[in-house]
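Trainee: This is the structure, below, for whatever I ask next.
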Amino acid sequence: MNCEQYQDLLSDFIDGSLTPSDHETVEAHLGVCGVCAEARSDLNSIVSFCREHRGEYEAVPNEGALWLRISNIIESQSGVSSPAVVPAEAGWWFRLMNRHWQLSFPQLASGVAAIVLVVSLLAVIGARRFSGSGVQSSGLSLASTGSSVQDRYRQRQQVIAYWNDRVELNKARWNPQMRETFDRNMSVIDAAVNDSLSQLTQNPHDEISEEILNGALNDKIQLLQEFSQL
Amino acid sequence: MNIYSPATVSRMRNIAALLAFLFALGLPVSVSAQQKVSRHFPAGKNVRLELKNISGTITVETWAREEIKITASMEAPTARFNPRQTDAGLVIDVVSDNRGRNDVGDVNFKVQVPARSSVDLETRRGQITVSNIQGDLVRAHVSTEGTIELSGINAARVFASNTIGDIYFDGEFASGGTYEFKSGQGTITLRLPANCGFRLVAMAPAKKISMGQFWHNGMKLLGDGRKITGDVGDGRASVTVTNYQGNINFLRR
């Protein structure tokens, strides 16, 4: 056995719950190993203290009073050390960094809520600024349209890209006439998409253009899906 | 001055004669390559036909017999056509039957059904003509180009859509029914009886909506005339018409 394994047995050794042979082995080791003997001594003193004061710490008489005492001790200690540590001519950053913060739970919760609120506001402002740069597609920009239109447009474009890939895989198999027909009809739908995007660029709140845009994008997806089966 | 030798001229004449002979032989061969298949199916209590084509015309007519007759003219002899009769009705799916084939060509269908039938028709390309159906559903969808003609229709639900090509509807709107017409580029014409009632949403970004005698001051003209909404008569049928680049015309019968 090594020292770690002997130290694992120390608790049982002190309690007297080891088998006689194990007890003898551990005792022999403690006689020759200073480190383990010291560990036994520490553990022994803890166990003795606990045995002596058994029953004294079973119930906290008044939790509030106890917390107040602890708080007072901490406050008194920090109050003593602060003036000595922070010099009078120290800058605001030094003072801020060397200040001892003590917050109650409601204060802490309020602080966290405030941080969340500020971060959310910054995120919204950032997103609006980002959206101000516009989504470029089909040669047109959705620069000033609402973010929901842009989001939907982006989602649709992703779906269109997926089905377009599927169609491109099969396209080579179609006869030339079918390919021409597909391309010609796709251009009609693309024209409807571009027209409505153009209208939305001029008037971001034009509900009719938004409706047409959604319809045309859905039609494009449907056309791609139908031709992906061929 | 003749630049060819007599032997060359003679050889050219022979080749021309041979080509003419081969052409004369080949013409009837190409005609006879059109395969025509007819099948008859018993009509159940609720007759429903679902037909999905790739390319070619679809013509649906009604007749007084209690059966469905399908006649298919196939341009390519390799084209497959397997009608299946299920609980839901008769299903013909040329797309599935010929998946992966590139030599299907046009398949032109002529279908005869009892008047009370519902028909759900779809083709990637080609004209759809439906007449005198009085069933629950008439759906005609051309993915790309092909005109749609629906005449003598009295169904509770009608859906017609294409990308390029005209859509013509001549029929009745049932109270509580749903009617949708949509085209990318083509004229949509709805010919209706004077006493019909419907709630309309018509949209044409090209601002070409003509309500004809169905127009009244209670209708709303929105977006500089790109959209018209309003009730005609009792307004009990729901009618939606959308045309991206073409006209929408309402005609009173």
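Quick note on naming: the chains in the structure tokens go A, B, ... in the order shown, residues restart at 1 in each chain, and ligands are numbered from 1 in order of appearance.
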What are the nearest atom pairs, with distances in Å to one decimal, for all residues of chain B that come at most 7 Å from chain A, using only C-alpha atoms, set out by chain and rising residue number as a Markdown table?

Mentor:
| residue | atom | partner | partner_atom | distance |
| --- | --- | --- | --- | --- |
| B:Val95 | CA | A:Leu230 | CA | 6.7 |
| B:Arg99 | CA | A:Leu230 | CA | 6.0 |
| B:Gly100 | CA | A:Leu230 | CA | 6.6 |
| B:Asn102 | CA | A:Trp174 | CA | 5.5 |
| B:Ser143 | CA | A:Leu223 | CA | 6.2 |
| B:Thr144 | CA | A:Asn185 | CA | 5.7 |
| B:Thr163 | CA | A:Asn185 | CA | 6.3 |
| B:Ile164 | CA | A:Asn185 | CA | 6.7 |
| B:Gly184 | CA | A:Val188 | CA | 6.5 |
| B:Gly223 | CA | A:Ile208 | CA | 6.8 |
| B:Tyr244 | CA | A:Ala192 | CA | 6.1 |

Trainee: Generate a file of the selected residues that holds C-alpha atoms, formatted as a PDB file, in the first residue's frame.

Mentor:
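selection29.pdb, written as the output of this step:
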ATOM      1  CA  VAL B  95     -44.405  11.234 -63.374  1.00  0.00           C
ATOM      2  CA  ARG B  99     -39.233   8.489 -63.150  1.00  0.00           C
ATOM      3  CA  GLY B 100     -35.684   8.718 -64.406  1.00  0.00           C
ATOM      4  CA  ASN B 102     -35.724  11.130 -70.478  1.00  0.00           C
ATOM      5  CA  SER B 143     -46.481  23.898 -63.654  1.00  0.00           C
ATOM      6  CA  THR B 144     -45.141  25.875 -66.584  1.00  0.00           C
ATOM      7  CA  THR B 163     -47.196  30.118 -65.114  1.00  0.00           C
ATOM      8  CA  ILE B 164     -47.529  31.058 -68.771  1.00  0.00           C
ATOM      9  CA  GLY B 184     -47.786  34.192 -63.874  1.00  0.00           C
ATOM     10  CA  GLY B 223     -52.526  49.851 -54.037  1.00  0.00           C
ATOM     11  CA  TYR B 244     -48.372  38.502 -61.720  1.00  0.00           C
TER      12      TYR B 244
END

Trainee: Quick one: residues within 9 Å of segment 32-47 of chain A, only C-alpha atoms counted, chain neighbours fewer than 4 positions away excluded, as a PyMOL selection string?

Mentor: chain A and resi 3-4+6-7+10-11+13-14+28+51-52

Trainee: Applying 6 Å and only C-alpha atoms, which residues near segment 146-163 of chain A remain after dropping the ones on its own chain fewer than 2 positions away? List them as a ChimeraX atom specification.

Mentor: /A:165-166,221,224

Trainee: Would you save the residues from that selection as a compact mmCIF listing (two decimals), in the first residue's frame, using N, CA and C atoms?

Mentor:
# COMPACT_ATOMS: atom_id res chain seq x y z
N ASP A 165 -30.62 22.97 -56.32
CA ASP A 165 -29.55 21.97 -56.44
C ASP A 165 -30.11 20.63 -56.90
N ARG A 166 -31.27 20.28 -56.35
CA ARG A 166 -31.91 19.01 -56.72
C ARG A 166 -32.28 19.02 -58.20
N ILE A 221 -40.68 27.88 -55.39
CA ILE A 221 -40.34 26.65 -54.64
C ILE A 221 -41.16 25.49 -55.19
N LEU A 224 -39.84 24.34 -58.54
CA LEU A 224 -38.59 23.58 -58.38
C LEU A 224 -38.87 22.18 -57.83

Trainee: Find the distance between atom CA of Asn98 of chain B and atom CA of Thr86 of chain B and write it in Å to one decimal.

Mentor: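 Going from atom CA of Asn98 of chain B over to atom CA of Thr86 of chain B covers 19.8 Å.
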
Trainee: Hey, what's within 7 Å of Lys110 of chain B if we count only C-alpha atoms and toss same-chain stuff fewer than 3 positions away? As a list in words, please?

Mentor: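 So the residues in contact are Ile58, Thr59, Val60, Ile70, Thr71 and Ala72 of chain B.
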
Trainee: Just write the chosen residues, N, CA and C atoms, as an mmCIF file, in the first residue's frame.

Mentor:
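Saved result, out_25.cif, follows:
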data_model
loop_
_atom_site.group_PDB
_atom_site.id
_atom_site.type_symbol
_atom_site.label_atom_id
_atom_site.label_comp_id
_atom_site.auth_asym_id
_atom_site.auth_seq_id
_atom_site.Cartn_x
_atom_site.Cartn_y
_atom_site.Cartn_z
ATOM 1 N N ILE B 58 -54.443 17.435 -71.542
ATOM 2 C CA ILE B 58 -55.403 16.650 -70.759
ATOM 3 C C ILE B 58 -56.790 17.215 -71.074
ATOM 4 N N THR B 59 -57.654 16.377 -71.563
ATOM 5 C CA THR B 59 -59.020 16.805 -71.863
ATOM 6 C C THR B 59 -59.986 15.921 -71.077
ATOM 7 N N VAL B 60 -60.811 16.570 -70.289
ATOM 8 C CA VAL B 60 -61.787 15.817 -69.488
ATOM 9 C C VAL B 60 -63.189 16.218 -69.927
ATOM 10 N N ILE B 70 -60.330 6.183 -70.173
ATOM 11 C CA ILE B 70 -59.067 6.919 -70.338
ATOM 12 C C ILE B 70 -58.484 6.552 -71.698
ATOM 13 N N THR B 71 -58.210 7.547 -72.477
ATOM 14 C CA THR B 71 -57.524 7.306 -73.746
ATOM 15 C C THR B 71 -56.225 8.102 -73.726
ATOM 16 N N ALA B 72 -55.116 7.413 -73.888
ATOM 17 C CA ALA B 72 -53.813 8.082 -73.853
ATOM 18 C C ALA B 72 -53.097 7.885 -75.181
#

Trainee: Skipping near chain neighbours, those fewer than 5 positions away, what residues fall within 6 Å of segment 180-183 of chain B using only C-alpha atoms, listed as a PDB file with N, CA and C atoms, in the first residue's frame?

Mentor:
ATOM      1  N   PHE B 159     -59.674  25.070 -58.434  1.00  0.00           N
ATOM      2  CA  PHE B 159     -58.338  25.659 -58.365  1.00  0.00           C
ATOM      3  C   PHE B 159     -57.712  25.545 -59.751  1.00  0.00           C
ATOM      4  N   ALA B 160     -57.270  26.649 -60.291  1.00  0.00           N
ATOM      5  CA  ALA B 160     -56.619  26.626 -61.602  1.00  0.00           C
ATOM      6  C   ALA B 160     -55.364  27.488 -61.535  1.00  0.00           C
ATOM      7  N   SER B 161     -54.246  26.932 -61.956  1.00  0.00           N
ATOM      8  CA  SER B 161     -53.005  27.712 -61.893  1.00  0.00           C
ATOM      9  C   SER B 161     -52.039  27.283 -62.988  1.00  0.00           C
ATOM     10  N   ASN B 162     -51.345  28.262 -63.532  1.00  0.00           N
ATOM     11  CA  ASN B 162     -50.267  28.001 -64.492  1.00  0.00           C
ATOM     12  C   ASN B 162     -49.244  29.128 -64.381  1.00  0.00           C
ATOM     13  N   THR B 163     -48.180  29.030 -65.141  1.00  0.00           N
ATOM     14  CA  THR B 163     -47.196  30.118 -65.114  1.00  0.00           C
ATOM     15  C   THR B 163     -47.331  30.975 -66.369  1.00  0.00           C
ATOM     16  N   VAL B 239     -63.524  33.861 -53.589  1.00  0.00           N
ATOM     17  CA  VAL B 239     -62.836  33.847 -54.888  1.00  0.00           C
ATOM     18  C   VAL B 239     -61.516  34.621 -54.769  1.00  0.00           C
ATOM     19  N   THR B 240     -60.432  33.975 -55.120  1.00  0.00           N
ATOM     20  CA  THR B 240     -59.112  34.613 -55.091  1.00  0.00           C
ATOM     21  C   THR B 240     -58.507  34.511 -56.485  1.00  0.00           C
ATOM     22  N   VAL B 241     -58.133  35.638 -57.029  1.00  0.00           N
ATOM     23  CA  VAL B 241     -57.546  35.652 -58.367  1.00  0.00           C
ATOM     24  C   VAL B 241     -56.232  36.424 -58.306  1.00  0.00           C
ATOM     25  N   THR B 242     -55.159  35.810 -58.781  1.00  0.00           N
ATOM     26  CA  THR B 242     -53.844  36.461 -58.768  1.00  0.00           C
ATOM     27  C   THR B 242     -53.195  36.312 -60.138  1.00  0.00           C
ATOM     28  N   ASN B 243     -52.707  37.406 -60.637  1.00  0.00           N
ATOM     29  CA  ASN B 243     -51.998  37.353 -61.920  1.00  0.00           C
ATOM     30  C   ASN B 243     -50.779  38.263 -61.818  1.00  0.00           C
TER      31      ASN B 243
END

Trainee: Quick one: residues within 8 Å of Ala206 of chain B, only C-alpha atoms counted, chain neighbours fewer than 3 positions away excluded, as a count of residues only?

Mentor: 5

Trainee: Separation of atom CA of Pro205 of chain B and atom CA of Tyr168 of chain B, in Å?

Mentor: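 A separation of 19.6 Å between them.
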
Trainee: Please compute the atom CA of Asn249 of chain B-atom CA of Ala115 of chain B distance, one decimal, in Å.

Mentor: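 Separating atom CA of Asn249 of chain B from atom CA of Ala115 of chain B is a distance of 27.2 Å.
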